[in-house]
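Reviewing the structure listed below.
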Amino acid sequence: MEAVLPIMSQFPEIETCVECSAKHLRNISELFYYAQKAVLHPTAPLYDPETKQLRPKCAQALTRIFRLSDQDLDNCLSDEELNAFQKSCFGHPLAPQALEDVKRVVCKNVPGGVQDDRLTLDGFLFLNTLFIQRGRHETTWAILRRFGYSDMLELTTDYLFPPLHVPAGCSTELNHLGYQFVQQVFEKHDQDGDGALSLEELQNLFSVFPVAPWGPELPHTVRTDSGRLPLHGYLCQWTLVTYLDVQHCLEYLGYLGYPSLCEQESQAQAITVTREKRLDQEKGQTQRNVLMCKVVGAQGVGKSSFLQAFLGHSLGHQDTRPFSQGSPVYAIDTVQVNGQEKYLILCEVGTDSLLATSPDAACDVACLMFDGSDPTSFLYCASVYKRHYMDGQTPCLFVSSKADLPEGVSPPGLSPAEFCRRHRLPAPALFSCEGPALPNTDIFTRLATMAVFPHLAHTELHPTSWLRGMLVAVGAAVAAVLSFSLYRVLVKS
């Protein structure tokens with residue numbers, strides 16, 4: 001040992017030296033214990049023995065964990081938050097006396113480590129440094145691995161992207177666990193309690209992400225309030241991300257610490273995979289809470305204004321800045337269908353992309369838009385309908401935009417109304433977002449109702465028209481029975 005000690009002093013990366021003997025069975029179990037510990041819980045990634053400080057990546061990871069555990073954002077961990085953290089990482093809370101002993105040690109060694117009887121970030125980092133210095137670095141590793149970190153102190157792929165099978169024809173939605181968690185995150189960062197996140201509060205929420213997950217397109221996608229993001233728009237954005245790219249949703253939930261804070265196996269517990277669309281069409285209605293509507297039309301017919309009207313913006317209050325070419329534009333909001341709240345996603349699609357060789361025309365309902373003052377634009381919609389939707393089961397609604405302008409002269413051939421009648425489609429709906437008043441939302445409810453009840457696509461699908469149609473059919477059947485009965489009575493007499 002005398003020969004080894006100088007070497008250990010010269011090379012601080014040597015963690016342990018054990019004097020053992022296989023012949024005399026001396027310290028054999030200790031040898032394997034320390035060898036296993038050096039592999040499973042290495043010190044080198046966590047601690048710099050020369051500076052006697054945590055390495056930067058370790059301090060960064062522990063800082064993120066501290067922020068996730070700080071539920072009231074006061075930059076301190078209260079006794080309740082410490083116990084929740086302890087239970088999440090180690091399965092049981094700290095005893096009251098142990099909690100006081102921890103804070104006493106921090107107070108003794110770190111100025112400002114405890115404030116108002118609560119543990120600060122400096123105190124939290126000191127505790128983990130102390131664990132490592134005393135040879136208990138497995139405690140720090142248990143914390144890091146519970147929050148998804150690898151031996152390289154990076155979030156693992158298995159943590160950020162847990163397995164989730166989504167069969168063809170199915171969609172993904174947040175379930176009640178997912179909505180409950182993201183709402184708790186919203187309430188945590190809404191520091192002024194005004195029901196909306198300011199730009200500063202939103203940046204604070206994004207501080208645990210490597211890059212901000214949502215960009216400047218947010219005001220054009222969900223309802224906002226004077227530059228702030230209300231809870232309704234916030235939940236709509238989460239719903240949109242889950243539907244369009246569930247892998248990104250799983251990643252975002254991982255950065256927010258969903259498995260650790262909710263004591264779940266993975267973020268997949270917050271996702272519901274819907275049944276196949278084919279089964280919905282066979283049963284005549286869908287159980288999905290998120291519906292996709294493709295808004296198709298030639299350039300200049302008013303598709304972007306239609307999407308912005310869905311968010312409550314009249315034409316005079318819409319942002320006319322062009323979006324990047326080639327990227328789809330979305331808008332999402334909630335609508336009521338027979339007393340149930342549904343999320344409706346509008347996706348703006350140009351006719352050129354749908355007339356391409358391999359387009360993605362799949363949706364729950366198609367909105368084929370043409371300019372009522374320029375009937376030639378209807379020809380594009382008719383071509384798309386014949387190519388993608390005529391032989392399918394997707395309900396379609398033709399929409400005549402710019403209804404406030406004089407109707408144009410139809411070219412030779414079928415008029416839009418005659419085309420819809422021949423193909424057993426609802427008559428074209430009129431729409432305009434001109435004027436200072438808020439746009440009429442009935443057309444969006446109509447589209448959502450068509451998506452929920454696709455088998456009624458060839459009837460007048462106002463929210464209650466299908467019920468009216470059933471009543472007419474029942475009335476006709478009753479009248480026929482009564483007429484036949486009266487005929488028999490007259491014959492007998």
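Residues in the structure tokens are numbered from 1 in each chain, the chains being A, B, ... in the order shown, and ligands are numbered from 1 in the order shown.
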Give me the residues within 10 Å of A:Thr334 as a list in words, counting only C-alpha atoms and dropping any in the same chain fewer than 4 places off.
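Within the cut-off, the hits are His232, Gly233, Cys236, Asn289, Val290, Leu291, Phe310, Leu311, Gln340, Glu341, Lys342, Tyr343, Leu344, Ile345, Phe444, Thr445 and Ala448 of chain A.
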Find the residues around A:Gly148 up to 12 Å (only C-alpha atoms counted), leave out those fewer than 2 positions away in its own chain, and share them as a ChimeraX atom specification.
/A:61-62,64-65,89,141-146,150-162,251,253-260,265-267
Can you write out the residues you just picked, keeping N, CA and C atoms, as a compact mmCIF listing (two decimals), in the first residue's frame?
# COMPACT_ATOMS: atom_id res chain seq x y z
N ALA A 61 -26.76 19.47 -15.85
CA ALA A 61 -27.83 18.48 -15.72
C ALA A 61 -28.55 18.62 -14.37
N LEU A 62 -27.79 18.79 -13.30
CA LEU A 62 -28.41 18.92 -11.98
C LEU A 62 -29.20 20.23 -11.86
N ARG A 64 -30.86 21.63 -14.33
CA ARG A 64 -32.14 21.35 -15.01
C ARG A 64 -33.07 20.54 -14.11
N ILE A 65 -32.52 19.55 -13.42
CA ILE A 65 -33.33 18.73 -12.51
C ILE A 65 -33.89 19.59 -11.38
N CYS A 89 -37.01 9.86 -6.93
CA CYS A 89 -35.70 9.28 -7.25
C CYS A 89 -35.39 8.00 -6.47
N TRP A 141 -25.73 9.54 -9.28
CA TRP A 141 -26.08 8.82 -10.51
C TRP A 141 -27.53 8.38 -10.50
N ALA A 142 -28.06 8.00 -9.34
CA ALA A 142 -29.47 7.60 -9.26
C ALA A 142 -30.38 8.77 -9.65
N ILE A 143 -30.01 9.97 -9.21
CA ILE A 143 -30.79 11.16 -9.56
C ILE A 143 -30.73 11.42 -11.07
N LEU A 144 -29.52 11.39 -11.62
CA LEU A 144 -29.35 11.68 -13.03
C LEU A 144 -30.06 10.66 -13.91
N ARG A 145 -29.95 9.39 -13.57
CA ARG A 145 -30.57 8.37 -14.41
C ARG A 145 -32.08 8.37 -14.28
N ARG A 146 -32.58 8.77 -13.10
CA ARG A 146 -34.04 8.87 -12.96
C ARG A 146 -34.60 9.93 -13.91
N SER A 150 -27.60 9.68 -19.51
CA SER A 150 -26.71 8.56 -19.77
C SER A 150 -25.39 8.77 -19.06
N ASP A 151 -24.45 7.83 -19.25
CA ASP A 151 -23.11 7.96 -18.66
C ASP A 151 -22.36 9.16 -19.22
N MET A 152 -22.79 9.63 -20.42
CA MET A 152 -22.17 10.81 -21.01
C MET A 152 -22.89 12.09 -20.59
N LEU A 153 -23.82 11.96 -19.64
CA LEU A 153 -24.60 13.09 -19.12
C LEU A 153 -25.40 13.79 -20.21
N GLU A 154 -25.97 12.97 -21.08
CA GLU A 154 -26.91 13.46 -22.09
C GLU A 154 -28.18 12.65 -21.98
N LEU A 155 -29.31 13.27 -22.29
CA LEU A 155 -30.59 12.56 -22.24
C LEU A 155 -30.58 11.45 -23.28
N THR A 156 -30.92 10.24 -22.85
CA THR A 156 -30.83 9.09 -23.74
C THR A 156 -31.97 9.08 -24.74
N THR A 157 -31.74 8.39 -25.85
CA THR A 157 -32.78 8.23 -26.87
C THR A 157 -33.95 7.44 -26.32
N ASP A 158 -33.67 6.42 -25.51
CA ASP A 158 -34.75 5.61 -24.93
C ASP A 158 -35.63 6.44 -24.01
N TYR A 159 -35.04 7.44 -23.36
CA TYR A 159 -35.82 8.30 -22.47
C TYR A 159 -36.67 9.28 -23.26
N LEU A 160 -36.09 9.92 -24.26
CA LEU A 160 -36.81 10.94 -25.03
C LEU A 160 -37.81 10.34 -26.01
N PHE A 161 -37.50 9.14 -26.53
CA PHE A 161 -38.37 8.53 -27.55
C PHE A 161 -38.73 7.10 -27.14
N PRO A 162 -39.59 6.94 -26.15
CA PRO A 162 -39.98 5.58 -25.73
C PRO A 162 -40.79 4.91 -26.84
N GLU A 251 -40.72 13.74 -27.06
CA GLU A 251 -39.45 14.41 -26.73
C GLU A 251 -39.69 15.62 -25.82
N LEU A 253 -42.25 16.21 -23.82
CA LEU A 253 -42.67 15.75 -22.49
C LEU A 253 -41.48 15.23 -21.69
N GLY A 254 -40.52 14.61 -22.40
CA GLY A 254 -39.31 14.14 -21.71
C GLY A 254 -38.49 15.28 -21.17
N TYR A 255 -38.32 16.35 -21.97
CA TYR A 255 -37.57 17.52 -21.48
C TYR A 255 -38.25 18.15 -20.27
N LEU A 256 -39.57 18.08 -20.23
CA LEU A 256 -40.31 18.64 -19.09
C LEU A 256 -40.35 17.71 -17.89
N GLY A 257 -39.73 16.52 -18.02
CA GLY A 257 -39.62 15.61 -16.89
C GLY A 257 -40.87 14.83 -16.57
N TYR A 258 -41.68 14.52 -17.60
CA TYR A 258 -42.96 13.84 -17.33
C TYR A 258 -42.80 12.52 -16.58
N PRO A 259 -41.92 11.58 -17.01
CA PRO A 259 -41.85 10.30 -16.30
C PRO A 259 -41.48 10.45 -14.83
N SER A 260 -40.54 11.35 -14.53
CA SER A 260 -40.07 11.50 -13.16
C SER A 260 -41.10 12.22 -12.30
N GLU A 265 -43.90 5.26 -16.19
CA GLU A 265 -42.81 4.52 -16.82
C GLU A 265 -42.19 5.31 -17.96
N SER A 266 -43.02 5.99 -18.75
CA SER A 266 -42.51 6.79 -19.87
C SER A 266 -43.59 7.77 -20.30
N GLN A 267 -43.24 8.64 -21.25
CA GLN A 267 -44.19 9.62 -21.78
C GLN A 267 -45.30 8.96 -22.59
Backbone-only DSSP, strand (DSSP E) members of stretch 260-443 of chain A, as a PyMOL selection string:
chain A and resi 271-273+290-297+329-337+340-350+365-371+396-401+429-430
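The environment of A:Val399 within 7 Å, counting only C-alpha atoms and disregarding residues fewer than 2 places along the same chain, consists of Cys367, Leu368, Met369, Phe370, Leu397, Ser401, Pro428, Ala429, Leu430 and Phe431 of chain A.
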Compile the contact shell of A:Pro406 as a PyMOL selection string: residues with an atom at most 8 Å away, counting only C-alpha atoms, same-chain residues fewer than 2 positions apart removed.
chain A and resi 372-373+403-404+408
Those residues with all heavy atoms, as an mmCIF file, in the first residue's frame please?
data_model
loop_
_atom_site.group_PDB
_atom_site.id
_atom_site.type_symbol
_atom_site.label_atom_id
_atom_site.label_comp_id
_atom_site.auth_asym_id
_atom_site.auth_seq_id
_atom_site.Cartn_x
_atom_site.Cartn_y
_atom_site.Cartn_z
ATOM 1 N N GLY A 372 -65.853 32.701 -55.237
ATOM 2 C CA GLY A 372 -67.173 32.871 -55.823
ATOM 3 C C GLY A 372 -67.222 33.956 -56.872
ATOM 4 O O GLY A 372 -68.079 33.920 -57.780
ATOM 5 N N SER A 373 -66.316 34.944 -56.806
ATOM 6 C CA SER A 373 -66.288 36.007 -57.811
ATOM 7 C C SER A 373 -65.470 35.617 -59.038
ATOM 8 O O SER A 373 -65.416 36.357 -60.010
ATOM 9 C CB SER A 373 -65.711 37.287 -57.201
ATOM 10 O OG SER A 373 -64.355 37.076 -56.796
ATOM 11 N N ALA A 403 -67.768 35.822 -50.458
ATOM 12 C CA ALA A 403 -69.199 35.915 -50.748
ATOM 13 C C ALA A 403 -69.690 37.354 -50.723
ATOM 14 O O ALA A 403 -70.818 37.627 -51.167
ATOM 15 C CB ALA A 403 -69.978 35.063 -49.744
ATOM 16 N N ASP A 404 -68.881 38.274 -50.196
ATOM 17 C CA ASP A 404 -69.288 39.683 -50.167
ATOM 18 C C ASP A 404 -69.129 40.351 -51.530
ATOM 19 O O ASP A 404 -69.643 41.448 -51.752
ATOM 20 C CB ASP A 404 -68.449 40.426 -49.133
ATOM 21 C CG ASP A 404 -66.956 40.232 -49.372
ATOM 22 O OD1 ASP A 404 -66.461 39.123 -49.091
ATOM 23 O OD2 ASP A 404 -66.292 41.164 -49.846
ATOM 24 N N GLY A 408 -69.386 35.855 -59.991
ATOM 25 C CA GLY A 408 -68.883 35.890 -61.359
ATOM 26 C C GLY A 408 -69.715 35.040 -62.291
ATOM 27 O O GLY A 408 -70.553 34.227 -61.871
#
Which of these, A:Gln287, A:Ala331, A:Val166, A:Leu130, has the shortest distance to A:Gln53 once you count only C-alpha atoms?
A:Leu130
